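Text of run.txt, listed as compact mmCIF, C-alpha atoms and all ligand atoms:
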```
# COMPACT_ATOMS: atom_id res chain seq x y z
CA MET A 13 -45.39 146.24 115.95
CA SER A 14 -45.08 142.51 115.40
CA THR A 15 -44.10 140.21 118.25
CA PRO A 16 -40.40 139.39 118.39
CA VAL A 17 -39.49 135.90 117.33
CA HIS A 18 -37.34 133.68 119.54
CA PHE A 19 -35.20 130.98 118.09
CA PRO A 20 -34.93 128.15 120.59
CA HIS A 21 -32.92 126.06 118.07
CA ILE A 22 -34.91 122.97 118.80
CA GLU A 23 -36.07 122.91 115.24
CA LYS A 24 -34.27 124.49 112.34
CA THR A 25 -35.57 127.97 111.53
CA ASN A 26 -37.07 128.15 108.05
CA LEU A 27 -35.56 131.36 106.69
CA LEU A 28 -38.42 131.67 104.20
CA GLY A 29 -40.57 132.80 107.11
CA LEU A 30 -38.47 135.74 108.31
CA ASN A 31 -39.03 139.36 107.47
CA ARG A 32 -36.11 141.79 107.82
CA GLN A 33 -36.71 142.40 111.51
CA ASP A 34 -36.82 138.68 112.30
CA MET A 35 -33.79 138.01 110.13
CA GLU A 36 -31.89 140.72 112.03
CA ALA A 37 -32.75 139.04 115.32
CA PHE A 38 -31.72 135.67 113.94
CA ILE A 39 -28.39 136.93 112.60
CA ALA A 40 -27.68 138.76 115.88
CA GLU A 41 -28.27 135.53 117.80
CA LEU A 42 -25.68 133.85 115.64
CA GLY A 43 -23.28 136.63 116.61
CA GLU A 44 -23.01 137.86 113.03
CA LYS A 45 -22.86 141.39 111.62
CA PRO A 46 -26.07 143.09 110.41
CA PHE A 47 -24.88 143.34 106.77
CA ARG A 48 -25.36 139.58 106.52
CA VAL A 49 -29.12 140.17 106.60
CA SER A 50 -29.23 141.79 103.17
CA GLN A 51 -26.80 139.24 101.76
CA LEU A 52 -28.86 136.31 102.96
CA THR A 53 -32.14 137.91 101.91
CA LYS A 54 -30.82 138.41 98.38
CA TRP A 55 -29.60 134.81 98.13
CA ILE A 56 -32.91 133.47 99.31
CA HIS A 57 -35.44 135.64 97.53
CA GLN A 58 -33.59 137.07 94.52
CA MET A 59 -31.23 134.24 93.63
CA ASN A 60 -33.79 131.64 94.76
CA VAL A 61 -31.12 129.55 96.40
CA SER A 62 -32.04 126.82 98.89
CA ASP A 63 -28.56 125.40 99.48
CA PHE A 64 -26.31 127.39 101.81
CA ASP A 65 -23.22 126.16 99.96
CA GLU A 66 -24.24 128.17 96.92
CA MET A 67 -23.99 131.40 98.95
CA THR A 68 -20.46 132.11 97.86
CA ASN A 69 -19.99 135.52 99.48
CA ILE A 70 -20.92 134.17 102.89
CA SER A 71 -18.07 132.85 105.06
CA LYS A 72 -17.66 129.12 105.47
CA SER A 73 -18.11 129.39 109.22
CA LEU A 74 -21.44 131.19 108.87
CA ARG A 75 -22.57 128.71 106.25
CA ALA A 76 -21.78 125.89 108.69
CA GLN A 77 -23.81 127.63 111.40
CA LEU A 78 -26.70 128.18 109.01
CA LYS A 79 -26.72 124.53 107.97
CA GLU A 80 -26.94 123.53 111.58
CA LYS A 81 -29.60 126.00 112.70
CA ALA A 82 -31.58 127.01 109.64
CA CYS A 83 -33.13 125.75 106.45
CA ILE A 84 -34.75 127.17 103.33
CA LYS A 85 -37.65 124.81 102.98
CA PRO A 86 -40.41 125.52 100.47
CA LEU A 87 -43.69 123.66 100.12
CA THR A 88 -43.84 120.57 97.91
CA VAL A 89 -45.23 121.02 94.42
CA ILE A 90 -47.88 118.35 93.93
CA VAL A 91 -49.56 119.53 90.75
CA ASP A 92 -48.15 121.96 88.20
CA GLN A 93 -50.46 122.80 85.29
CA ILE A 94 -50.33 125.33 82.48
CA SER A 95 -53.56 126.48 80.86
CA LYS A 96 -53.85 127.14 77.15
CA ASP A 97 -54.03 130.87 77.98
CA GLY A 98 -50.66 130.72 79.78
CA THR A 99 -52.10 130.72 83.30
CA ARG A 100 -50.10 128.35 85.50
CA LYS A 101 -51.50 126.72 88.60
CA TRP A 102 -49.70 124.91 91.37
CA VAL A 103 -51.13 122.68 94.05
CA MET A 104 -48.68 122.78 96.93
CA GLY A 105 -48.46 120.30 99.78
CA LEU A 106 -47.87 121.20 103.42
CA ASP A 107 -46.27 119.18 106.20
CA ASP A 108 -49.63 118.28 107.70
CA ASN A 109 -50.95 116.79 104.46
CA ASN A 110 -53.12 119.76 103.57
CA GLN A 111 -52.85 121.30 100.12
CA ILE A 112 -53.19 124.86 98.93
CA GLU A 113 -53.16 126.48 95.51
CA ALA A 114 -51.38 129.39 93.86
CA VAL A 115 -51.96 130.74 90.34
CA TYR A 116 -49.84 132.79 87.95
CA ILE A 117 -51.83 134.93 85.51
CA PRO A 118 -49.87 136.51 82.65
CA GLU A 119 -51.23 139.61 80.93
CA ASP A 120 -49.76 141.91 78.28
CA ASP A 121 -48.19 144.33 80.71
CA ARG A 122 -47.91 142.32 83.91
CA GLY A 123 -47.71 138.92 85.55
CA THR A 124 -49.90 138.45 88.60
CA LEU A 125 -49.37 135.79 91.22
CA CYS A 126 -52.50 134.93 93.20
CA ILE A 127 -51.59 133.31 96.51
CA SER A 128 -53.39 131.66 99.42
CA SER A 129 -53.31 132.91 103.00
CA GLN A 130 -55.18 130.13 104.82
CA ILE A 131 -55.92 126.44 104.34
CA GLY A 132 -59.57 126.58 103.36
CA CYS A 133 -61.62 129.50 104.59
CA ALA A 134 -63.86 130.08 107.58
CA LEU A 135 -66.04 132.73 105.96
CA ASP A 136 -68.47 130.44 104.19
CA CYS A 137 -69.34 132.73 101.27
CA SER A 138 -72.13 130.90 99.49
CA PHE A 139 -70.75 131.31 95.93
CA CYS A 140 -67.13 130.32 96.65
CA SER A 141 -65.97 126.73 96.39
CA THR A 142 -63.02 127.28 98.78
CA GLY A 143 -65.57 128.09 101.49
CA ARG A 144 -67.34 124.80 100.95
CA GLN A 145 -64.23 122.92 101.93
CA GLY A 146 -64.25 124.30 105.43
CA PHE A 147 -61.27 125.66 107.30
CA SER A 148 -58.16 124.03 108.66
CA ARG A 149 -55.69 126.68 109.80
CA ASN A 150 -53.74 129.83 108.99
CA LEU A 151 -50.68 129.57 106.79
CA SER A 152 -47.37 130.47 108.40
CA VAL A 153 -45.23 133.29 106.99
CA ALA A 154 -42.94 130.67 105.44
CA GLU A 155 -45.89 128.92 103.81
CA ILE A 156 -47.22 132.17 102.36
CA LEU A 157 -43.82 133.26 101.03
CA SER A 158 -43.03 129.77 99.83
CA GLN A 159 -45.68 130.24 97.14
CA VAL A 160 -43.89 133.35 95.89
CA TRP A 161 -40.46 131.72 96.15
CA LEU A 162 -41.52 128.58 94.27
CA ALA A 163 -43.46 130.45 91.58
CA THR A 164 -40.48 132.77 90.96
CA ARG A 165 -38.14 129.82 90.64
CA LEU A 166 -40.41 127.69 88.45
CA LEU A 167 -41.31 130.57 86.11
CA ASP A 168 -37.62 131.37 85.79
CA GLU A 169 -36.96 127.77 84.79
CA GLU A 170 -39.38 128.20 81.87
CA LYS A 171 -36.75 130.51 80.35
CA LYS A 172 -39.43 132.43 78.50
CA PRO A 173 -39.19 136.21 78.35
CA GLY A 174 -41.85 138.14 80.20
CA ARG A 175 -42.89 135.35 82.55
CA LYS A 176 -42.13 137.40 85.65
CA ILE A 177 -44.11 138.18 88.77
CA THR A 178 -44.84 141.91 88.75
CA ASN A 179 -47.94 141.83 90.98
CA ILE A 180 -49.10 139.75 93.91
CA VAL A 181 -52.73 139.44 94.95
CA LEU A 182 -53.89 137.73 98.15
CA MET A 183 -56.99 136.39 96.44
CA GLY A 184 -56.37 132.66 96.62
CA MET A 185 -57.69 130.41 99.36
CA GLY A 186 -58.54 132.06 102.66
CA GLU A 187 -59.26 135.45 104.17
CA PRO A 188 -55.93 137.30 104.47
CA LEU A 189 -57.16 139.70 107.13
CA LEU A 190 -58.03 136.80 109.43
CA ASN A 191 -54.37 135.77 109.27
CA TYR A 192 -53.26 139.34 109.81
CA ASP A 193 -49.85 139.03 111.51
CA ASN A 194 -48.46 136.41 109.15
CA VAL A 195 -49.81 138.15 106.06
CA MET A 196 -48.28 141.49 107.16
CA LYS A 197 -44.86 139.90 107.66
CA ALA A 198 -45.09 138.17 104.29
CA ILE A 199 -45.91 141.53 102.69
CA ASP A 200 -42.83 143.03 104.42
CA VAL A 201 -40.73 140.60 102.38
CA MET A 202 -42.67 141.17 99.14
CA LEU A 203 -41.90 144.89 99.43
CA ASP A 204 -38.31 144.54 100.71
CA ASP A 205 -35.85 145.79 98.06
CA PHE A 206 -33.42 143.03 98.98
CA ALA A 207 -36.15 140.41 98.52
CA TYR A 208 -38.93 140.78 95.90
CA GLY A 209 -38.86 144.57 95.83
CA LEU A 210 -42.44 144.98 94.62
CA SER A 211 -44.00 148.41 94.71
CA LYS A 212 -46.80 148.81 97.22
CA ARG A 213 -49.18 149.53 94.37
CA ARG A 214 -48.55 146.05 93.04
CA VAL A 215 -49.52 144.10 96.13
CA THR A 216 -53.24 143.68 96.77
CA VAL A 217 -54.95 142.36 99.86
CA SER A 218 -58.50 141.22 99.21
CA THR A 219 -60.99 141.04 102.06
CA ALA A 220 -64.61 140.07 102.53
CA GLY A 221 -64.75 142.88 105.10
CA VAL A 222 -62.90 142.16 108.35
CA VAL A 223 -63.38 145.72 109.56
CA PRO A 224 -61.00 145.90 112.58
CA ALA A 225 -58.16 144.45 110.48
CA MET A 226 -58.86 146.96 107.69
CA ASP A 227 -58.27 149.74 110.23
CA LYS A 228 -55.00 148.15 111.35
CA LEU A 229 -53.85 147.58 107.76
CA ALA A 230 -54.31 151.26 106.94
CA ASP A 231 -51.50 152.08 109.39
CA ARG A 232 -49.27 149.07 108.74
CA HIS A 233 -48.87 148.82 104.96
CA ASP A 234 -49.62 151.17 102.11
CA VAL A 235 -50.68 148.31 99.82
CA GLN A 236 -53.77 148.08 97.64
CA LEU A 237 -56.99 146.94 99.25
CA ALA A 238 -59.81 145.14 97.45
CA ILE A 239 -63.20 144.72 99.07
CA SER A 240 -65.33 141.73 98.09
CA LEU A 241 -68.60 143.61 98.20
CA HIS A 242 -70.92 141.56 95.96
CA ALA A 243 -74.17 142.94 97.37
CA ILE A 244 -75.54 146.31 98.42
CA ARG A 245 -78.40 145.18 100.61
CA ASP A 246 -77.67 143.65 104.02
CA GLU A 247 -80.26 140.94 103.57
CA LEU A 248 -78.57 139.63 100.42
CA ARG A 249 -75.02 140.22 101.63
CA ASP A 250 -75.76 138.30 104.86
CA ASP A 251 -76.46 135.35 102.61
CA LEU A 252 -73.61 135.75 100.10
CA VAL A 253 -70.87 136.95 102.45
CA PRO A 254 -71.96 135.87 105.96
CA ILE A 255 -69.32 137.98 107.73
CA ASN A 256 -71.75 140.77 106.85
CA LYS A 257 -73.81 139.68 109.86
CA LYS A 258 -70.91 140.81 112.03
CA TYR A 259 -69.81 143.87 110.04
CA ASN A 260 -72.79 145.06 108.03
CA LEU A 261 -72.70 147.27 104.95
CA GLU A 262 -72.90 150.52 106.84
CA THR A 263 -70.00 149.47 109.09
CA LEU A 264 -67.98 148.21 106.12
CA ILE A 265 -68.50 151.30 103.99
CA ALA A 266 -67.59 153.53 106.93
CA ALA A 267 -64.38 151.50 107.32
CA CYS A 268 -63.66 151.99 103.59
CA HIS A 269 -63.95 155.77 104.08
CA ARG A 270 -61.62 155.66 107.10
CA PHE A 271 -59.16 153.56 105.12
CA MET A 272 -59.14 155.90 102.14
CA GLU A 273 -58.70 158.96 104.35
CA LYS A 274 -55.29 157.55 105.25
CA ARG A 275 -54.34 157.03 101.61
CA SER A 276 -53.01 159.53 99.10
CA PRO A 277 -55.81 161.36 97.24
CA ARG A 278 -54.80 159.60 94.02
CA SER A 279 -55.18 156.07 95.31
CA ARG A 280 -58.23 153.95 94.66
CA LEU A 281 -60.00 151.20 96.50
CA THR A 282 -60.85 148.12 94.45
CA ILE A 283 -64.42 146.90 94.73
CA GLU A 284 -65.00 143.30 93.68
CA TYR A 285 -68.49 142.35 92.63
CA VAL A 286 -69.26 138.82 91.50
CA MET A 287 -72.07 138.77 88.92
CA LEU A 288 -74.72 136.22 89.89
CA ASP A 289 -77.55 135.69 87.46
CA GLY A 290 -80.80 137.14 88.77
CA VAL A 291 -79.33 137.67 92.25
CA ASN A 292 -77.34 140.93 92.21
CA ASP A 293 -77.04 141.91 88.54
CA SER A 294 -80.06 144.17 87.87
CA LYS A 295 -80.00 147.81 86.78
CA GLN A 296 -81.42 148.73 90.21
CA ASP A 297 -78.51 146.91 91.88
CA ALA A 298 -76.07 148.96 89.80
CA GLU A 299 -77.85 152.19 90.74
CA LYS A 300 -77.84 151.29 94.42
CA LEU A 301 -74.13 150.43 94.16
CA ILE A 302 -73.41 153.94 92.85
CA GLU A 303 -75.23 155.36 95.84
CA VAL A 304 -73.39 153.15 98.34
CA LEU A 305 -69.99 154.05 96.88
CA GLN A 306 -70.61 157.78 96.78
CA GLY A 307 -67.60 159.80 97.94
CA LEU A 308 -65.17 156.86 97.67
CA SER A 309 -62.48 156.75 95.03
CA VAL A 310 -62.92 153.28 93.57
CA LEU A 311 -62.07 150.93 90.74
CA ILE A 312 -64.84 148.39 90.27
CA ASN A 313 -64.05 144.87 89.19
CA LEU A 314 -67.03 142.91 87.91
CA ILE A 315 -66.22 139.21 88.24
CA PRO A 316 -68.19 136.76 86.11
CA PHE A 317 -69.29 133.99 88.48
CA ASN A 318 -67.31 130.79 87.97
CA PRO A 319 -69.79 128.00 88.52
CA PHE A 320 -69.10 124.79 90.41
CA THR A 321 -71.27 121.75 91.09
CA GLY A 322 -73.95 122.34 93.67
CA SER A 323 -73.36 126.09 93.97
CA GLY A 324 -76.97 126.87 93.14
CA TYR A 325 -75.95 130.03 91.29
CA GLY A 326 -75.76 130.89 87.62
CA THR A 327 -73.40 133.18 85.72
CA SER A 328 -74.91 136.50 84.60
CA SER A 329 -75.23 136.80 80.83
CA ASN A 330 -72.67 138.93 78.99
CA ASN A 331 -75.47 141.38 78.28
CA ALA A 332 -76.37 141.71 81.93
CA VAL A 333 -72.74 142.28 82.87
CA ARG A 334 -72.29 144.92 80.17
CA ARG A 335 -75.51 146.67 81.09
CA PHE A 336 -74.37 146.75 84.73
CA GLN A 337 -71.00 148.13 83.68
CA ASP A 338 -72.66 150.81 81.51
CA VAL A 339 -74.73 152.11 84.39
CA LEU A 340 -71.63 152.42 86.57
CA MET A 341 -69.50 153.98 83.84
CA LYS A 342 -72.17 156.57 83.07
CA ALA A 343 -71.97 157.61 86.71
CA GLY A 344 -68.22 158.13 86.24
CA LEU A 345 -67.10 154.97 88.05
CA THR A 346 -64.20 153.15 86.40
CA THR A 347 -65.47 149.61 85.94
CA VAL A 348 -63.67 146.66 84.40
CA ILE A 349 -64.99 143.20 83.68
CA ARG A 350 -62.50 140.67 84.94
CA LYS A 351 -61.51 138.17 82.30
CA THR A 352 -61.85 134.60 83.44
CA ARG A 353 -58.47 132.92 83.19
CA GLY A 354 -57.24 129.35 83.46
CA GLU A 355 -60.71 127.86 83.49
CA ASP A 356 -59.48 124.68 81.79
CA ILE A 357 -57.22 123.95 84.76
CA ASP A 358 -59.72 125.10 87.45
CA ALA A 359 -57.59 128.11 88.28
CA ALA A 360 -60.26 130.82 88.06
CA CYS A 361 -61.59 132.89 90.99
CA GLY A 362 -63.42 130.77 93.51
CA GLN A 363 -62.24 127.53 91.93
CA LEU A 364 -59.25 127.04 94.20
CA VAL A 365 -59.91 124.18 96.53
CA GLY A 366 -56.67 122.43 97.49
CA LYS A 367 -57.14 119.72 100.07
CA VAL A 368 -58.36 120.83 103.45
CA ALA A 369 -58.53 118.78 106.62
CA ASP A 370 -61.67 120.65 107.66
CA LYS A 371 -61.95 121.50 111.32
CA SER A 372 -65.17 123.43 110.97
CA ARG A 373 -67.45 120.50 109.97
CA ARG A 374 -68.57 122.65 107.07
CA GLU A 375 -68.58 119.73 104.69
CA ASN A 376 -71.41 117.98 106.53
CA LYS A 377 -73.49 121.09 106.27
CA PHE A 378 -73.27 120.96 102.49
CA LYS A 379 -74.29 117.34 102.03
CA VAL A 380 -77.76 118.75 101.25
CA PRO A 381 -77.57 120.75 98.00
CA ARG A 382 -78.52 124.38 98.25
CA LEU A 383 -81.85 125.13 96.66
CA GLY A 384 -83.64 128.24 95.57
CA MET A 385 -80.66 130.56 95.71
CA ASN A 386 -81.49 132.04 92.35
CA THR A 387 -84.97 133.11 93.18
N1 LIG A 401 -61.34 136.11 101.29
C1 LIG A 401 -60.87 137.11 100.40
C2 LIG A 401 -59.94 136.62 99.31
C3 LIG A 401 -60.29 135.33 98.57
S1 LIG A 401 -61.54 135.34 97.36
C4 LIG A 401 -62.05 137.89 99.82
O1 LIG A 401 -63.17 137.50 100.07
O2 LIG A 401 -61.83 138.89 99.17
C5 LIG A 401 -60.96 136.28 96.01
C6 LIG A 401 -62.11 136.80 95.13
O3 LIG A 401 -62.74 135.76 94.36
C7 LIG A 401 -63.21 137.41 95.98
O4 LIG A 401 -63.64 138.63 95.46
C8 LIG A 401 -64.27 136.36 95.88
O5 LIG A 401 -65.49 136.89 96.20
C9 LIG A 401 -64.13 135.87 94.45
N2 LIG A 401 -64.81 134.61 94.19
C10 LIG A 401 -64.99 133.59 95.05
N3 LIG A 401 -65.68 132.59 94.47
C11 LIG A 401 -65.96 132.95 93.21
C12 LIG A 401 -66.61 132.34 92.12
N4 LIG A 401 -67.13 131.12 92.20
N5 LIG A 401 -66.68 133.03 90.96
C13 LIG A 401 -66.11 134.25 90.85
N6 LIG A 401 -65.47 134.87 91.84
C14 LIG A 401 -65.39 134.25 93.02
```

Mind converting the file's structure to structure tokens?
Ligand code: SAH
Amino acid sequence: MSTPVHFPHIEKTNLLGLNRQDMEAFIAELGEKPFRVSQLTKWIHQMNVSDFDEMTNISKSLRAQLKEKACIKPLTVIVDQISKDGTRKWVMGLDDNNQIEAVYIPEDDRGTLCISSQIGCALDCSFCSTGRQGFSRNLSVAEILSQVWLATRLLDEEKKPGRKITNIVLMGMGEPLLNYDNVMKAIDVMLDDFAYGLSKRRVTVSTAGVVPAMDKLADRHDVQLAISLHAIRDELRDDLVPINKKYNLETLIAACHRFMEKRSPRSRLTIEYVMLDGVNDSKQDAEKLIEVLQGLSVLINLIPFNPFTGSGYGTSSNNAVRRFQDVLMKAGLTTVIRKTRGEDIDAACGQLVGKVADKSRRENKFKVPRLGMNT
């Protein structure tokens, strides 16, 4: 259960940060009837209204109370770019001068919004440019949902058919499972029929492997889980995804089994595997991956590495990626190669950097370029 929220009314409550339970508490404190919760939720998240005066079916007296005690305050859009492939990226500014990024990726049959859960990231994965920026803090529920609220509104303003958000992935900046409580509340609202009403199959949490939070998630939300695996030997994974030193492969894979035992037999776990030239892309790596994943129902996503200056890694050749995919497919594992989208506007995986007031001193560490990572 999440902790109850108290509303001391010192500051206005940003309604973008309230899930149904919190909204019920807020409305009760105002002395209003519970049915107002659904009305307000619809105005905020379905009608995308930020001005209480537009809420015409809400009494004038309640509107006056809301104006005094609450606000609907999204983040500030600082950069808004559309790629030639239709991908749209926003840089959004926060009150403390940090910036985060969100990306909309249109495909034939869906529109996916990729959102951030933290400012920067503490995990320090060696192939991810967000990690290089260090870590500032967790995003609040309002800051997470603000990305969805703004993207919905701005896509709607395009007035182009089909530019809708049908899926949300927590694959932007940050590690969602290290901001567990806020991310769970934000997901409550994504799934709420009076808000975004997304199906649980269309919301994906991506994790580098925060094992205790994976166990909690299994009981809290029936959403999709993606594991950023990337390596099948501890020695290599320690280097690529350093949280592996805390929760090693054996521990992580055991957690995946526990997670899937709580899911319906038809559901699948997504395995993300970034293809790094000469590092993790050999035939032997593919064979070992099959072994590691034995007994798990998975969908494998091979992600071509998106290079950035000073990363020290190279992108696997198309041939290497296809050969890797072939080995997996022959073993009966559904494997897709993720298309790189929005490269021209730096919106691809691992390219989201925002502006992070780093509190981890990570930046200093990277003044010396990494060497020899490809050997
Ligand atoms: N912390 C979470 C979510 C953010 S990263 C996680 O680790 O899953 C989202 C995905 O992008 C992860 O699978 C990550 O490994 C991948 N990624 C990061 N940097 C990348 C890069 N430079 N090229 C391709 N994929 C990258």

- atom CA of Phe147 of chain A to atom CA of Asn260 of chain A, distance in Å rounded to a single decimal: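 Computed distance, atom CA of Phe147 of chain A to atom CA of Asn260 of chain A, equals 22.6 Å.
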
- Item | Which of A:Glu303, A:Asp136, A:Asp227, A:Asp293 sits closest to ligand LIG 401 (chain A) [using only C-alpha atoms and all ligand atoms] |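 Of A:Glu303, A:Asp136, A:Asp227, A:Asp293, the one nearest ligand LIG 401 (chain A), counting only C-alpha atoms and all ligand atoms, is A:Asp136.
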
8 Å per side around ligand LIG 401 (chain A): axis-aligned box centre and edge lengths, as AutoDock Vina command-line options:
```
--center_x -63.5 --center_y 135.0 --center_z 96.1 --size_x 23.2 --size_y 23.8 --size_z 26.4
```

What are the closest atom pairs, with distances in Å to one decimal, for each residue of segment 147-195 of chain A lying within 9 Å of segment 48-68 of chain A, using only C-alpha atoms, rows by chain and rising residue number, as JSON lines?
```
{"residue": "A:Val160", "atom": "CA", "partner": "A:His57", "partner_atom": "CA", "distance": 8.9}
{"residue": "A:Trp161", "atom": "CA", "partner": "A:His57", "partner_atom": "CA", "distance": 6.5}
{"residue": "A:Leu162", "atom": "CA", "partner": "A:Asn60", "partner_atom": "CA", "distance": 8.3}
{"residue": "A:Thr164", "atom": "CA", "partner": "A:Asn60", "partner_atom": "CA", "distance": 7.8}
{"residue": "A:Arg165", "atom": "CA", "partner": "A:Asn60", "partner_atom": "CA", "distance": 6.3}
```

Find the residues near ligand LIG 401 (chain A). Use a cut-off of 8 Å, count all atoms listed in the file, and write them as a compact mmCIF listing (two decimals) with C-alpha atoms, keeping the file's coordinate frame.
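Final output, saved to pocket-v4.txt:
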```txt
# COMPACT_ATOMS: atom_id res chain seq x y z
CA SER A 128 -53.39 131.66 99.42
CA CYS A 133 -61.62 129.50 104.59
CA LEU A 135 -66.04 132.73 105.96
CA CYS A 137 -69.34 132.73 101.27
CA PHE A 139 -70.75 131.31 95.93
CA CYS A 140 -67.13 130.32 96.65
CA SER A 141 -65.97 126.73 96.39
CA THR A 142 -63.02 127.28 98.78
CA LEU A 182 -53.89 137.73 98.15
CA MET A 183 -56.99 136.39 96.44
CA GLY A 184 -56.37 132.66 96.62
CA MET A 185 -57.69 130.41 99.36
CA GLY A 186 -58.54 132.06 102.66
CA GLU A 187 -59.26 135.45 104.17
CA PRO A 188 -55.93 137.30 104.47
CA VAL A 217 -54.95 142.36 99.86
CA SER A 218 -58.50 141.22 99.21
CA THR A 219 -60.99 141.04 102.06
CA ALA A 220 -64.61 140.07 102.53
CA GLY A 221 -64.75 142.88 105.10
CA ALA A 238 -59.81 145.14 97.45
CA ILE A 239 -63.20 144.72 99.07
CA SER A 240 -65.33 141.73 98.09
CA LEU A 241 -68.60 143.61 98.20
CA HIS A 242 -70.92 141.56 95.96
CA GLU A 284 -65.00 143.30 93.68
CA TYR A 285 -68.49 142.35 92.63
CA VAL A 286 -69.26 138.82 91.50
CA MET A 287 -72.07 138.77 88.92
CA ILE A 315 -66.22 139.21 88.24
CA PRO A 316 -68.19 136.76 86.11
CA PHE A 317 -69.29 133.99 88.48
CA ASN A 318 -67.31 130.79 87.97
CA PRO A 319 -69.79 128.00 88.52
CA PHE A 320 -69.10 124.79 90.41
CA ALA A 360 -60.26 130.82 88.06
CA CYS A 361 -61.59 132.89 90.99
CA GLY A 362 -63.42 130.77 93.51
CA GLN A 363 -62.24 127.53 91.93
```

Kindly assemble as a Markdown table a list of the segment 151-240 of chain A residues that lie within 10 Å of segment 116-120 of chain A, each paired with its nearest atom pair and their distance in Å to one decimal, using only C-alpha atoms, sorted first by chain and then by ascending residue number.
```
| residue | atom | partner | partner_atom | distance |
| --- | --- | --- | --- | --- |
| A:Val160 | CA | A:Tyr116 | CA | 9.9 |
| A:Ala163 | CA | A:Tyr116 | CA | 7.7 |
| A:Thr164 | CA | A:Tyr116 | CA | 9.8 |
| A:Leu167 | CA | A:Tyr116 | CA | 9.0 |
| A:Gly174 | CA | A:Pro118 | CA | 8.5 |
| A:Arg175 | CA | A:Pro118 | CA | 7.1 |
| A:Lys176 | CA | A:Pro118 | CA | 8.3 |
| A:Ile177 | CA | A:Tyr116 | CA | 7.9 |
| A:Thr178 | CA | A:Pro118 | CA | 9.6 |
| A:Asn179 | CA | A:Ile117 | CA | 9.6 |
| A:Ile180 | CA | A:Tyr116 | CA | 9.2 |
```

The selected residues should be written to file as a PDB file, keeping the file's coordinate frame (atoms: C-alpha atoms).
```pdb
ATOM      1  CA  VAL A 160     -43.890 133.350  95.890  1.00  0.00           C
ATOM      2  CA  ALA A 163     -43.460 130.450  91.580  1.00  0.00           C
ATOM      3  CA  THR A 164     -40.480 132.770  90.960  1.00  0.00           C
ATOM      4  CA  LEU A 167     -41.310 130.570  86.110  1.00  0.00           C
ATOM      5  CA  GLY A 174     -41.850 138.140  80.200  1.00  0.00           C
ATOM      6  CA  ARG A 175     -42.890 135.350  82.550  1.00  0.00           C
ATOM      7  CA  LYS A 176     -42.130 137.400  85.650  1.00  0.00           C
ATOM      8  CA  ILE A 177     -44.110 138.180  88.770  1.00  0.00           C
ATOM      9  CA  THR A 178     -44.840 141.910  88.750  1.00  0.00           C
ATOM     10  CA  ASN A 179     -47.940 141.830  90.980  1.00  0.00           C
ATOM     11  CA  ILE A 180     -49.100 139.750  93.910  1.00  0.00           C
TER      12      ILE A 180
END
```

Closest contacts (segment 112-190 of chain A/segment 22-44 of chain A, max 9 Å, all atoms listed in the file) as CSV:
```
residue,atom,partner,partner_atom,distance
A:Ser152,CA,A:Gly29,CA,7.3
A:Val153,CA,A:Gly29,CA,4.7
A:Ala154,CA,A:Gly29,CA,3.6
A:Glu155,CA,A:Gly29,CA,7.4
A:Ile156,CA,A:Gly29,CA,8.2
A:Leu157,CA,A:Leu28,CA,6.5
A:Ser158,CA,A:Leu28,CA,6.6
A:Trp161,CA,A:Leu28,CA,8.3
```

- Query: What's the 12 Å shell around Lys300 of chain A, counting all atoms listed in the file, without same-chain residues fewer than 2 positions away, as an MDAnalysis selection string?
  - Reply: chainID A and resid 243:245 292:298 302:306 336 339:340 343

- Item | Å distance separating atom CA of Leu314 of chain A from atom CA of Arg350 of chain A, one decimal place |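 Separation between atom CA of Leu314 of chain A and atom CA of Arg350 of chain A: 5.9 Å.
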
- Atom pair atom CA of Val253 of chain A / atom CA of Gln145 of chain A: separation (Å):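 Taking atom CA of Val253 of chain A as the start and atom CA of Gln145 of chain A as the end point, the length is 15.5 Å.
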
- Item | Best match for closeness to Val89 of chain A among A:Gln130, A:Asp193, A:Gln159, A:Arg122, counting only C-alpha atoms |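 Distance minimum relative to Val89 of chain A lands on A:Gln159.
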
- Proximity to Ser95 of chain A - best of A:Arg353, A:Lys371, A:Lys257, A:Lys72, only C-alpha atoms: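 Closest to Ser95 of chain A of all the choices is A:Arg353.
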
- Query: From the list A:Gln337, A:Thr216, A:Ser148, A:Ser211, which residue is nearest Ile127 of chain A when using all atoms listed in the file?
  - Reply: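 Closest residue, counting all atoms listed in the file: A:Thr216.
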
- Pick from A:Pro173, A:Thr321, A:Leu210, A:Leu229: nearest to Asn191 of chain A, with all atoms listed in the file counted?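 Using all atoms listed in the file, Asn191 of chain A sits closest to A:Leu229.
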
- Message: Given the point (-50.8, 155.7, 108.8) in the file's coordinates, find the residues that have an atom at most 8 Å from it, counting all atoms listed in the file, and give them as a PyMOL selection string.
- Response: chain A and resi 230-232+274

- Item | Proximity to His269 of chain A - best of A:Leu252, A:Leu151, A:Met226, A:Leu308, only C-alpha atoms |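 Checking each of A:Leu252, A:Leu151, A:Met226, A:Leu308 against His269 of chain A, counting only C-alpha atoms, the winner is A:Leu308.
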